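Since the structure comes first, as structure tokens, the remarks are kept for the end.
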Amino acid sequence: SLIATILLYMGVALFCGCGHEALSGTVTILQNYFEVIRAPGDVLDVFTIIDILKYIIYGLAAGFFVFGVLLLVEGFFTTGAIRDLYGEFKITACGRCLTAFLMVLAYLFFLVWLGVTAFTSLPVFMYYNVWSMCKNATSVEGANLCLDLRQFGAVTISEERKVCMGSEKFLNMCDSNELDLTFHLFVCALAGAGAAVIAMVHFLMALAANWGYLKDASRMQKYEDIKSKEEQELHDIHSTRSKERLNAYT
């Protein structure tokens with residue numbers, strides 16, 4: 001569980017940090033080489049969507065910090081030493097409730113990270129195409145290939161924002177550090193999302209094992225209580241009969 005926690009924090013940190021910087025690099029590329037400007041007012045444009053994605057990243061970072069704290073609390077309430085200190089029934093009941101809640105939460109987060117991983121693969125694919133065009137620009141010299149933002153849904157159909165191979169903007173974009181850095185940042189963000197998915201699978205397995213352990217412990221506790229009660233009843237019956245025989249003898 002400790003390894004999964006470390007993997008989760010590393011994956012979330014990698015995704016949030018690299019994803020945030022990759023989005024900032026995307027804004028720079030759109031403004032410098034495609035000449036896309038931010039729409040005035042509250043119009044939903046590509047820059048507004050990027051800002052929303054950044055806020056989502058902030059929310060993921062804060063949410064999984066709280067989730068990590070809950071996992072530490074769950075481990076606290078299911079530790080044998082704590083049960084011996086505070087009592088078996090109280091800790092087992094708290095542990096079962098918390099483990100059940102975290103199992104549902106972990107499953108939902110697992111689905112969330114699957115969606116995040118799939119969504120992050122889209123900019124990786126798009127940047128890979130652009131990066132490949134830059135790397136192969138000399139081998140396809142003379143081909144009239146263009147990058148049109150309308151194909152990616154970044155601008156409206158009426159706007160024409162494209163950069164063609166051989167143009168000065170295309171060459172400047174390929175020679176700049178923004179394109180290469182942004183592409184590799186998105187790759188690192190994708191790797192972080194994949195690490196978070198693996199960590200969530202591990203958490204689901206660990207929480208399911210804890211749930212089974214606590215459930216068996218609760219059943220064993222009930223069995224021990226019934227057994228102790230029966231033994232006490234037998235002891236009381238034996239004591240009563242012994243007293244009756246002693247009274248009859250005297």
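Ordering of the structure tokens sets the chain letters (A, B, ...), residue numbers begin anew at 1 in every chain, and ligands are numbered from 1 in the order given.
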Inset, instruction - Taking the chain letters and numbering used in this document, name the residues of stretch 111-209 of chain A that DSSP puts in alpha helix (DSSP H), as an MDAnalysis selection string. - result: chainID A and resid 111:135 168:175 177:209
Legend entry - For stretch 38-55 of chain A: contacts at 8 Å, only C-alpha atoms, fewer than 5 positions along chain excluded, given as a ChimeraX atom specification: /A:20,23,27,154-155
Check the DSSP output for the backbone and give back, as a tab-separated table (two decimals) with C-alpha atoms, in the first residue's frame, the residues of stretch 35-178 of chain A in strand (DSSP E or B).
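part.tsv, written as the output of this step:
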```tsv
chain	number	residue	atom	x	y	z
A	146	CYS	CA	-0.40	22.48	-43.83
A	147	LEU	CA	-1.41	22.48	-40.19
A	148	ASP	CA	-4.93	23.87	-40.00
A	162	LYS	CA	-2.90	27.43	-40.62
A	163	VAL	CA	0.84	27.06	-41.06
A	164	CYS	CA	2.21	25.34	-44.17
```
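Comparing the minimum interatomic distances between A:Val116 and each of A:Phe34, A:Tyr9, A:Phe15, A:Phe101, counting only C-alpha atoms, we find that A:Phe15 sits nearest.
Using only C-alpha atoms, the nearest neighbour of A:Glu178 within the list A:Leu102, A:Ile29, A:Cys16, A:Ile3 is A:Ile29.
Between atom CA of A:Val201 and atom CA of A:Pro123 there is a distance of 24.9 Å.
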Inset, instruction - Can you pull out every residue within 8 Å of A:Val197, counting only C-alpha atoms, but drop anything in the same chain fewer than 4 positions away, and send it as a list of chain:residue names? - result: A:Phe110, A:Trp113, A:Leu114, A:Ala193, A:Val201
